[in-house]
$ cat run-v1.pdb   # PDB, C-alpha atoms, pLDDT in the B column
ATOM      1  CA  MET A   4     -10.011  41.564 267.754  1.00 98.00           C
ATOM      2  CA  LEU A   5     -11.769  38.404 266.582  1.00 98.00           C
ATOM      3  CA  LEU A   6     -15.523  38.883 266.289  1.00 98.00           C
ATOM      4  CA  LEU A   7     -17.163  35.482 266.139  1.00 97.00           C
ATOM      5  CA  ALA A   8     -20.114  35.660 263.757  1.00 96.00           C
ATOM      6  CA  ALA A   9     -20.024  32.322 261.913  1.00 93.00           C
ATOM      7  CA  GLY A  10     -22.710  30.569 263.945  1.00 82.00           C
ATOM      8  CA  ARG A  11     -26.191  29.929 262.606  1.00 69.00           C
ATOM      9  CA  GLY A  12     -28.052  30.797 265.826  1.00 64.00           C
ATOM     10  CA  THR A  13     -30.089  27.587 265.851  1.00 67.00           C
ATOM     11  CA  ARG A  14     -31.465  28.259 269.354  1.00 72.00           C
ATOM     12  CA  PHE A  15     -32.709  31.656 268.206  1.00 77.00           C
ATOM     13  CA  GLY A  16     -34.364  30.301 265.072  1.00 71.00           C
ATOM     14  CA  GLY A  17     -35.565  32.271 262.086  1.00 80.00           C
ATOM     15  CA  PRO A  18     -34.081  32.812 258.627  1.00 87.00           C
ATOM     16  CA  VAL A  19     -31.472  35.450 259.546  1.00 92.00           C
ATOM     17  CA  PRO A  20     -28.183  34.317 261.157  1.00 92.00           C
ATOM     18  CA  LYS A  21     -27.900  35.828 264.604  1.00 92.00           C
ATOM     19  CA  ALA A  22     -24.958  38.185 264.003  1.00 95.00           C
ATOM     20  CA  TRP A  23     -26.963  39.931 261.278  1.00 96.00           C
ATOM     21  CA  LEU A  24     -30.108  40.475 263.321  1.00 95.00           C
ATOM     22  CA  PRO A  25     -31.098  44.116 263.821  1.00 96.00           C
ATOM     23  CA  LEU A  26     -30.899  45.673 267.268  1.00 96.00           C
ATOM     24  CA  ALA A  27     -32.421  49.157 267.336  1.00 94.00           C
ATOM     25  CA  GLY A  28     -31.832  49.492 263.606  1.00 94.00           C
ATOM     26  CA  ARG A  29     -28.270  48.142 263.420  1.00 96.00           C
ATOM     27  CA  THR A  30     -26.892  44.618 263.189  1.00 97.00           C
ATOM     28  CA  LEU A  31     -25.525  42.890 266.277  1.00 97.00           C
ATOM     29  CA  LEU A  32     -22.148  42.635 264.540  1.00 98.00           C
ATOM     30  CA  ALA A  33     -21.997  46.376 263.861  1.00 98.00           C
ATOM     31  CA  ARG A  34     -22.955  47.259 267.428  1.00 98.00           C
ATOM     32  CA  SER A  35     -20.338  44.861 268.813  1.00 98.00           C
ATOM     33  CA  ALA A  36     -17.669  46.334 266.535  1.00 98.00           C
ATOM     34  CA  GLU A  37     -18.557  49.870 267.566  1.00 97.00           C
ATOM     35  CA  ARG A  38     -18.295  49.173 271.277  1.00 97.00           C
ATOM     36  CA  LEU A  39     -15.035  47.255 270.876  1.00 98.00           C
ATOM     37  CA  ALA A  40     -13.546  50.204 269.013  1.00 97.00           C
ATOM     38  CA  GLN A  41     -14.699  52.534 271.782  1.00 97.00           C
ATOM     39  CA  ALA A  42     -13.054  50.288 274.377  1.00 97.00           C
ATOM     40  CA  LEU A  43      -9.609  50.455 272.775  1.00 97.00           C
ATOM     41  CA  PRO A  44      -7.232  52.591 274.875  1.00 95.00           C
ATOM     42  CA  ASP A  45      -5.750  55.643 273.201  1.00 94.00           C
ATOM     43  CA  GLY A  46      -2.631  54.755 271.265  1.00 93.00           C
ATOM     44  CA  MET A  47      -3.385  51.025 271.032  1.00 95.00           C
ATOM     45  CA  ALA A  48      -3.150  49.859 267.429  1.00 96.00           C
ATOM     46  CA  ALA A  49      -5.641  47.148 266.512  1.00 97.00           C
ATOM     47  CA  GLU A  50      -7.188  45.185 263.695  1.00 97.00           C
ATOM     48  CA  ALA A  51     -10.679  43.686 263.563  1.00 98.00           C
ATOM     49  CA  ILE A  52     -11.353  40.303 261.992  1.00 98.00           C
ATOM     50  CA  ALA A  53     -14.949  39.133 261.683  1.00 98.00           C
ATOM     51  CA  LEU A  54     -15.272  35.349 261.410  1.00 98.00           C
ATOM     52  CA  VAL A  55     -18.319  34.643 259.254  1.00 97.00           C
ATOM     53  CA  HIS A  56     -20.012  31.701 257.550  1.00 96.00           C
ATOM     54  CA  ALA A  57     -18.993  31.207 253.923  1.00 96.00           C
ATOM     55  CA  ASP A  58     -22.636  31.462 252.846  1.00 95.00           C
ATOM     56  CA  ASP A  59     -22.817  34.971 254.341  1.00 96.00           C
ATOM     57  CA  LEU A  60     -20.063  36.478 252.180  1.00 97.00           C
ATOM     58  CA  PRO A  61     -22.182  37.182 249.065  1.00 97.00           C
ATOM     59  CA  THR A  62     -25.280  38.039 251.105  1.00 97.00           C
ATOM     60  CA  TYR A  63     -25.038  39.568 254.584  1.00 97.00           C
ATOM     61  CA  VAL A  64     -21.383  40.602 254.389  1.00 98.00           C
ATOM     62  CA  ALA A  65     -21.937  42.278 251.030  1.00 98.00           C
ATOM     63  CA  ALA A  66     -24.994  44.089 252.384  1.00 97.00           C
ATOM     64  CA  HIS A  67     -23.555  45.176 255.744  1.00 98.00           C
ATOM     65  CA  ARG A  68     -19.784  45.549 255.240  1.00 97.00           C
ATOM     66  CA  ALA A  69     -20.015  49.354 255.033  1.00 98.00           C
ATOM     67  CA  GLU A  70     -22.151  49.454 258.183  1.00 98.00           C
ATOM     68  CA  VAL A  71     -19.578  47.496 260.206  1.00 98.00           C
ATOM     69  CA  GLU A  72     -16.726  49.614 258.827  1.00 97.00           C
ATOM     70  CA  ARG A  73     -18.573  52.793 259.848  1.00 97.00           C
ATOM     71  CA  ALA A  74     -19.097  51.342 263.316  1.00 98.00           C
ATOM     72  CA  LEU A  75     -15.326  51.051 263.757  1.00 97.00           C
ATOM     73  CA  ALA A  76     -15.075  54.794 262.976  1.00 95.00           C
ATOM     74  CA  GLY A  77     -11.640  54.438 261.406  1.00 95.00           C
ATOM     75  CA  ARG A  78     -10.225  53.092 264.679  1.00 95.00           C
ATOM     76  CA  CYS A  79      -8.877  49.932 263.026  1.00 96.00           C
ATOM     77  CA  PRO A  80      -9.015  48.081 259.712  1.00 96.00           C
ATOM     78  CA  LEU A  81     -11.629  45.377 259.187  1.00 97.00           C
ATOM     79  CA  ARG A  82     -11.351  42.014 257.443  1.00 97.00           C
ATOM     80  CA  PHE A  83     -13.920  39.282 256.923  1.00 98.00           C
ATOM     81  CA  VAL A  84     -12.588  35.731 257.201  1.00 98.00           C
ATOM     82  CA  VAL A  85     -14.487  32.466 256.834  1.00 97.00           C
ATOM     83  CA  GLY A  86     -14.900  30.780 260.209  1.00 95.00           C
ATOM     84  CA  GLY A  87     -14.920  27.086 260.999  1.00 92.00           C
ATOM     85  CA  ALA A  88     -17.445  24.477 262.061  1.00 89.00           C
ATOM     86  CA  SER A  89     -16.565  25.021 265.731  1.00 91.00           C
ATOM     87  CA  ARG A  90     -15.496  27.909 267.924  1.00 92.00           C
ATOM     88  CA  GLN A  91     -11.911  26.622 268.072  1.00 93.00           C
ATOM     89  CA  GLU A  92     -11.747  26.293 264.294  1.00 94.00           C
ATOM     90  CA  SER A  93     -12.974  29.865 263.895  1.00 95.00           C
ATOM     91  CA  MET A  94     -10.344  31.043 266.371  1.00 94.00           C
ATOM     92  CA  ARG A  95      -7.673  29.130 264.460  1.00 94.00           C
ATOM     93  CA  ASN A  96      -8.749  30.757 261.195  1.00 96.00           C
ATOM     94  CA  GLY A  97      -8.797  34.174 262.831  1.00 96.00           C
ATOM     95  CA  LEU A  98      -5.338  33.739 264.340  1.00 95.00           C
ATOM     96  CA  ALA A  99      -3.968  32.671 260.966  1.00 95.00           C
ATOM     97  CA  ALA A 100      -5.268  35.934 259.504  1.00 95.00           C
ATOM     98  CA  CYS A 101      -3.755  38.128 262.245  1.00 93.00           C
ATOM     99  CA  GLY A 102      -0.688  40.215 261.631  1.00 88.00           C
ATOM    100  CA  ALA A 103       2.584  38.781 262.918  1.00 87.00           C
ATOM    101  CA  ASP A 104       3.077  41.769 265.248  1.00 93.00           C
ATOM    102  CA  VAL A 105      -0.134  41.173 267.251  1.00 96.00           C
ATOM    103  CA  ASP A 106       0.497  40.947 271.000  1.00 97.00           C
ATOM    104  CA  LEU A 107      -3.027  40.473 272.379  1.00 98.00           C
ATOM    105  CA  VAL A 108      -5.931  38.550 270.884  1.00 98.00           C
ATOM    106  CA  LEU A 109      -9.401  39.663 271.953  1.00 98.00           C
ATOM    107  CA  VAL A 110     -12.208  37.211 271.185  1.00 98.00           C
ATOM    108  CA  HIS A 111     -15.808  38.361 271.329  1.00 98.00           C
ATOM    109  CA  ASP A 112     -19.194  36.890 270.490  1.00 97.00           C
ATOM    110  CA  ALA A 113     -21.017  39.187 268.077  1.00 96.00           C
ATOM    111  CA  ALA A 114     -24.219  38.195 269.878  1.00 95.00           C
ATOM    112  CA  ARG A 115     -23.059  40.239 272.909  1.00 97.00           C
ATOM    113  CA  ALA A 116     -23.673  43.566 271.201  1.00 97.00           C
ATOM    114  CA  LEU A 117     -23.807  45.638 274.408  1.00 98.00           C
ATOM    115  CA  LEU A 118     -20.415  44.793 275.869  1.00 98.00           C
ATOM    116  CA  PRO A 119     -19.349  47.181 278.659  1.00 98.00           C
ATOM    117  CA  ILE A 120     -16.610  49.565 277.596  1.00 97.00           C
ATOM    118  CA  GLY A 121     -14.841  50.181 280.921  1.00 98.00           C
ATOM    119  CA  PRO A 122     -14.607  46.494 281.923  1.00 98.00           C
ATOM    120  CA  THR A 123     -13.454  45.569 278.402  1.00 98.00           C
ATOM    121  CA  ARG A 124     -10.636  48.072 278.689  1.00 98.00           C
ATOM    122  CA  ALA A 125      -9.753  46.571 282.090  1.00 98.00           C
ATOM    123  CA  CYS A 126      -9.820  43.100 280.518  1.00 98.00           C
ATOM    124  CA  LEU A 127      -7.199  44.190 277.971  1.00 98.00           C
ATOM    125  CA  ALA A 128      -4.973  45.499 280.760  1.00 98.00           C
ATOM    126  CA  ALA A 129      -5.426  42.318 282.814  1.00 98.00           C
ATOM    127  CA  ALA A 130      -4.424  40.100 279.881  1.00 98.00           C
ATOM    128  CA  ALA A 131      -1.342  42.217 279.252  1.00 97.00           C
ATOM    129  CA  ALA A 132      -0.383  41.768 282.901  1.00 98.00           C
ATOM    130  CA  HIS A 133      -1.368  38.129 283.529  1.00 98.00           C
ATOM    131  CA  GLY A 134      -1.458  36.460 280.115  1.00 98.00           C
ATOM    132  CA  ALA A 135      -5.199  35.899 279.838  1.00 98.00           C
ATOM    133  CA  SER A 136      -8.421  37.420 281.130  1.00 98.00           C
ATOM    134  CA  LEU A 137     -12.179  37.347 280.685  1.00 98.00           C
ATOM    135  CA  LEU A 138     -15.252  39.274 281.641  1.00 98.00           C
ATOM    136  CA  ALA A 139     -17.550  37.437 284.044  1.00 98.00           C
ATOM    137  CA  LEU A 140     -20.223  37.958 286.673  1.00 98.00           C
ATOM    138  CA  PRO A 141     -20.521  36.213 290.051  1.00 98.00           C
ATOM    139  CA  ALA A 142     -23.417  33.754 290.159  1.00 97.00           C
ATOM    140  CA  ALA A 143     -26.398  35.403 291.837  1.00 95.00           C
ATOM    141  CA  ASP A 144     -28.890  32.527 291.802  1.00 96.00           C
ATOM    142  CA  THR A 145     -28.890  29.259 293.697  1.00 97.00           C
ATOM    143  CA  LEU A 146     -27.276  26.593 291.504  1.00 97.00           C
ATOM    144  CA  LYS A 147     -28.784  23.130 291.112  1.00 98.00           C
ATOM    145  CA  GLN A 148     -27.149  20.092 289.537  1.00 98.00           C
ATOM    146  CA  VAL A 149     -29.936  18.244 287.701  1.00 98.00           C
ATOM    147  CA  SER A 150     -30.049  14.661 286.421  1.00 98.00           C
ATOM    148  CA  PRO A 151     -30.982  13.793 282.806  1.00 97.00           C
ATOM    149  CA  GLU A 152     -34.394  12.801 284.191  1.00 98.00           C
ATOM    150  CA  GLY A 153     -34.982  16.334 285.445  1.00 98.00           C
ATOM    151  CA  LEU A 154     -34.425  15.654 289.139  1.00 98.00           C
ATOM    152  CA  VAL A 155     -32.204  17.691 291.457  1.00 98.00           C
ATOM    153  CA  VAL A 156     -28.986  15.862 292.280  1.00 98.00           C
ATOM    154  CA  ARG A 157     -27.622  18.495 294.645  1.00 98.00           C
ATOM    155  CA  THR A 158     -27.337  22.182 295.350  1.00 98.00           C
ATOM    156  CA  VAL A 159     -24.009  23.528 294.132  1.00 97.00           C
ATOM    157  CA  ASP A 160     -22.159  25.982 296.349  1.00 96.00           C
ATOM    158  CA  ARG A 161     -22.131  29.230 294.364  1.00 96.00           C
ATOM    159  CA  ASP A 162     -19.360  30.783 296.444  1.00 96.00           C
ATOM    160  CA  GLY A 163     -16.580  31.630 294.014  1.00 96.00           C
ATOM    161  CA  VAL A 164     -18.645  30.608 290.969  1.00 97.00           C
ATOM    162  CA  TRP A 165     -18.654  33.142 288.119  1.00 98.00           C
ATOM    163  CA  LEU A 166     -20.556  33.175 284.826  1.00 97.00           C
ATOM    164  CA  ALA A 167     -18.168  33.571 281.896  1.00 98.00           C
ATOM    165  CA  GLN A 168     -18.793  36.170 279.214  1.00 98.00           C
ATOM    166  CA  THR A 169     -16.850  37.777 276.395  1.00 98.00           C
ATOM    167  CA  PRO A 170     -14.678  39.628 275.520  1.00 98.00           C
ATOM    168  CA  GLN A 171     -11.883  37.270 276.496  1.00 98.00           C
ATOM    169  CA  VAL A 172      -8.301  38.358 275.882  1.00 98.00           C
ATOM    170  CA  VAL A 173      -5.141  36.228 275.649  1.00 98.00           C
ATOM    171  CA  GLN A 174      -1.552  37.038 274.794  1.00 98.00           C
ATOM    172  CA  ARG A 175      -1.038  35.711 271.274  1.00 97.00           C
ATOM    173  CA  GLU A 176       1.861  33.356 271.966  1.00 97.00           C
ATOM    174  CA  LEU A 177       0.055  31.918 274.999  1.00 98.00           C
ATOM    175  CA  LEU A 178      -3.089  31.324 272.957  1.00 97.00           C
ATOM    176  CA  LEU A 179      -1.124  29.592 270.210  1.00 96.00           C
ATOM    177  CA  ARG A 180       0.484  27.282 272.787  1.00 97.00           C
ATOM    178  CA  ALA A 181      -2.890  26.626 274.435  1.00 97.00           C
ATOM    179  CA  MET A 182      -4.541  25.781 271.115  1.00 96.00           C
ATOM    180  CA  ALA A 183      -1.717  23.436 270.131  1.00 96.00           C
ATOM    181  CA  HIS A 184      -1.937  21.709 273.521  1.00 97.00           C
ATOM    182  CA  ALA A 185      -5.713  21.352 273.194  1.00 96.00           C
ATOM    183  CA  GLU A 186      -5.309  19.782 269.758  1.00 95.00           C
ATOM    184  CA  ARG A 187      -2.676  17.327 271.019  1.00 97.00           C
ATOM    185  CA  THR A 188      -4.833  16.263 273.971  1.00 97.00           C
ATOM    186  CA  GLY A 189      -8.203  16.278 272.205  1.00 96.00           C
ATOM    187  CA  PHE A 190      -9.567  18.996 274.471  1.00 96.00           C
ATOM    188  CA  VAL A 191     -12.548  21.057 273.306  1.00 94.00           C
ATOM    189  CA  GLY A 192     -13.288  24.167 275.338  1.00 93.00           C
ATOM    190  CA  THR A 193     -16.659  25.833 275.690  1.00 91.00           C
ATOM    191  CA  ASP A 194     -14.970  29.217 275.728  1.00 94.00           C
ATOM    192  CA  ASP A 195     -11.600  30.646 274.755  1.00 94.00           C
ATOM    193  CA  VAL A 196      -9.747  30.956 278.050  1.00 97.00           C
ATOM    194  CA  SER A 197     -10.645  27.358 278.957  1.00 97.00           C
ATOM    195  CA  LEU A 198      -7.868  26.394 276.529  1.00 97.00           C
ATOM    196  CA  VAL A 199      -5.455  28.454 278.623  1.00 98.00           C
ATOM    197  CA  GLU A 200      -6.796  26.837 281.801  1.00 98.00           C
ATOM    198  CA  HIS A 201      -6.285  23.401 280.235  1.00 98.00           C
ATOM    199  CA  LEU A 202      -2.662  24.366 279.574  1.00 98.00           C
ATOM    200  CA  GLY A 203      -2.297  25.184 283.286  1.00 98.00           C
ATOM    201  CA  ALA A 204      -1.735  28.927 282.872  1.00 98.00           C
ATOM    202  CA  PRO A 205      -3.530  31.537 285.019  1.00 98.00           C
ATOM    203  CA  VAL A 206      -6.541  33.498 283.818  1.00 98.00           C
ATOM    204  CA  ALA A 207      -7.605  36.782 285.421  1.00 98.00           C
ATOM    205  CA  VAL A 208     -11.289  37.592 285.924  1.00 98.00           C
ATOM    206  CA  VAL A 209     -12.662  41.096 285.387  1.00 98.00           C
ATOM    207  CA  ARG A 210     -16.132  41.889 286.674  1.00 98.00           C
ATOM    208  CA  SER A 211     -18.542  42.574 283.823  1.00 98.00           C
ATOM    209  CA  ALA A 212     -21.924  44.310 283.725  1.00 97.00           C
ATOM    210  CA  PRO A 213     -25.417  42.737 283.764  1.00 95.00           C
ATOM    211  CA  THR A 214     -26.198  44.512 280.476  1.00 97.00           C
ATOM    212  CA  ASN A 215     -23.606  42.371 278.654  1.00 98.00           C
ATOM    213  CA  LEU A 216     -26.287  39.855 277.745  1.00 96.00           C
ATOM    214  CA  LYS A 217     -25.953  37.323 274.958  1.00 95.00           C
ATOM    215  CA  ILE A 218     -28.730  37.265 272.381  1.00 94.00           C
ATOM    216  CA  THR A 219     -29.596  33.557 272.459  1.00 92.00           C
ATOM    217  CA  THR A 220     -33.385  33.305 272.152  1.00 92.00           C
ATOM    218  CA  PRO A 221     -36.022  35.647 270.658  1.00 92.00           C
ATOM    219  CA  ALA A 222     -36.926  36.821 274.167  1.00 93.00           C
ATOM    220  CA  ASP A 223     -33.440  38.328 274.577  1.00 95.00           C
ATOM    221  CA  LEU A 224     -33.811  40.785 271.702  1.00 95.00           C
ATOM    222  CA  PRO A 225     -36.573  43.004 273.181  1.00 95.00           C
ATOM    223  CA  LEU A 226     -34.628  43.076 276.444  1.00 96.00           C
ATOM    224  CA  ALA A 227     -31.568  44.345 274.567  1.00 97.00           C
ATOM    225  CA  GLU A 228     -33.781  46.857 272.738  1.00 96.00           C
ATOM    226  CA  ALA A 229     -34.989  48.167 276.102  1.00 96.00           C
ATOM    227  CA  ILE A 230     -31.415  48.512 277.364  1.00 96.00           C
ATOM    228  CA  VAL A 231     -30.489  50.536 274.269  1.00 96.00           C
ATOM    229  CA  ALA A 232     -33.633  52.690 274.537  1.00 96.00           C
ATOM    230  CA  ALA A 233     -32.912  53.457 278.191  1.00 95.00           C
ATOM    231  CA  ASN A 234     -29.221  54.137 277.432  1.00 93.00           C
ATOM    232  CA  LEU A 235     -28.201  51.686 280.167  1.00 92.00           C
ATOM    233  CA  ALA A 236     -25.327  49.986 278.341  1.00 88.00           C
TER     234      ALA A 236
END

$ encode --input "run-v1.pdb" --output "structure tokens"
Amino acid sequence: MLLLAAGRGTRFGGPVPKAWLPLAGRTLLARSAERLAQALPDGMAAEAIALVHADDLPTYVAAHRAEVERALAGRCPLRFVVGGASRQESMRNGLAACGADVDLVLVHDAARALLPIGPTRACLAAAAAHGASLLALPAADTLKQVSPEGLVVRTVDRDGVWLAQTPQVVQRELLLRAMAHAERTGFVGTDDVSLVEHLGAPVAVVRSAPTNLKITTPADLPLAEAIVAANLA
């Protein structure tokens, strides 16, 4: 399990990197780790690798390591590894730190601290069966393509359009091939399974939950607090 926590959260703003923000008294990273551990099927061995910024090692990692370890409840060992300047670089660093016997690689944004447990478990099963999978939701709103000037170009047919989320899960050997192919062709994906798509391999979609929101702006945090308070996640 690769927990991506190396970003600076520039859209959120503020002095604290996003993964270390508190949500109902616990960091986003710790809450993500806890729910991932809860989603692991019985008997599935796992390891958790948190990809963090180098500057966070002597500060936030030192302060919160025990909290994240407690969140995993002994379900799997935890390692902190320095991430890269991009998502793909962080994934590469995380894969390099994985054990050689890993079959599935789960990638998750620490900013999605309320990931749904049942769908995540289904996502693991789908990746084992098909090679790769992701959580997503069908688009509910009307979609507009907009020009750089702020004018509507056209209405996009939303039929069959899904909004990608994490976790995303890929068989390790397939992900290694997809990353190598992306590097050879200069492809940069906006999410993890897009590398598999670029390789031409199938990706299964598992329906997520609306509560699997990503903390992106300050307005998202009180919404997540309300979800926790109402025990909706």

$ residues_around --input "run-v1.pdb" --residues "His184 (chain A)" --least-positions-apart "5" --cutoff "10 Å" --atoms "all atoms listed in the file" --output "VMD selection string"
chain A and resid 178 to 179 189 to 190 198 to 199 201 to 202

$ resolve_selection --input "run-v1.pdb" --expression "the PyMOL selection byres ((chain A and resi 138) around 6)" --output "PyMOL selection string"
chain A and resi 137+139+168-169+209-211

$ closest_residue --input "run-v1.pdb" --among "A:Ala103, A:Val155, A:Leu60, A:Leu24" --to "Glu176 (chain A)" --atoms "all atoms listed in the file"
A:Ala103

$ resolve_selection --input "run-v1.pdb" --expression "the PyMOL selection byres ((chain A and resi 117) around 12)" --output "JSON, numbers by chain"
{"A": [26, 27, 30, 31, 32, 33, 34, 35, 36, 37, 38, 39, 41, 42, 111, 112, 113, 114, 115, 116, 118, 119, 120, 121, 122, 123, 168, 169, 170, 211, 212, 213, 214, 215, 216, 217, 218, 224, 226, 227, 228, 229, 230, 231, 234, 235, 236]}

$ residues_around --input "run-v1.pdb" --residues "Gly87 (chain A)" --least-positions-apart "2" --cutoff "9 Å" --atoms "all atoms listed in the file" --output "list in words"
Ala9, Leu54, Val55, His56, Val85, Ser89, Arg90, Gln91, Glu92, Ser93, Met94, Arg95 and Asn96 of chain A

$ atom_distance --input "run-v1.pdb" --atom1 "CA of Gly153 (chain A)" --atom2 "CA of Phe15 (chain A)"
23.2 Å

$ closest_residue --input "run-v1.pdb" --among "A:Met47, A:Val84, A:Ala233, A:Ala207" --to "Gly97 (chain A)" --atoms "all atoms listed in the file"
A:Val84

$ residues_around --input "run-v1.pdb" --residues "Val196 (chain A)" --least-positions-apart "6" --cutoff "8 Å" --atoms "only C-alpha atoms" --output "short mmCIF file (atom, residue, chain, number, x, y, z; two decimals) with C-alpha atoms, in the coordinates of the input"
data_model
loop_
_atom_site.label_atom_id
_atom_site.label_comp_id
_atom_site.auth_asym_id
_atom_site.auth_seq_id
_atom_site.Cartn_x
_atom_site.Cartn_y
_atom_site.Cartn_z
CA ALA A 135 -5.20 35.90 279.84
CA SER A 136 -8.42 37.42 281.13
CA LEU A 137 -12.18 37.35 280.68
CA GLN A 171 -11.88 37.27 276.50
CA VAL A 172 -8.30 38.36 275.88
CA VAL A 173 -5.14 36.23 275.65
CA VAL A 206 -6.54 33.50 283.82
#

$ residues_around --input "run-v1.pdb" --residues "Ala132 (chain A)" --least-positions-apart "5" --cutoff "10 Å" --atoms "only C-alpha atoms" --output "list in words"
Cys126, Leu127, Gln174 and Ala207 of chain A

$ atom_distance --input "run-v1.pdb" --atom1 "CA of Arg124 (chain A)" --atom2 "CA of Leu43 (chain A)"
6.5 Å

$ atom_distance --input "run-v1.pdb" --atom1 "CA of Ala40 (chain A)" --atom2 "CA of Leu5 (chain A)"
12.2 Å

$ residues_around --input "run-v1.pdb" --residues "Pro141 (chain A)" --least-positions-apart "5" --cutoff "8 Å" --atoms "only C-alpha atoms" --output "count of residues only"
5

$ axis_aligned_box --input "run-v1.pdb" --around "region 6-9 of chain A" --padding-each-side "4 Å" --output "lines of an AutoDock Vina configuration file"
center_x = -17.8
center_y = 35.6
center_z = 264.1
size_x = 12.6
size_y = 14.6
size_z = 12.4

$ resolve_selection --input "run-v1.pdb" --expression "the PyMOL selection byres ((chain A and resi 82) around 6)" --output "PyMOL selection string"
chain A and resi 52+81+83
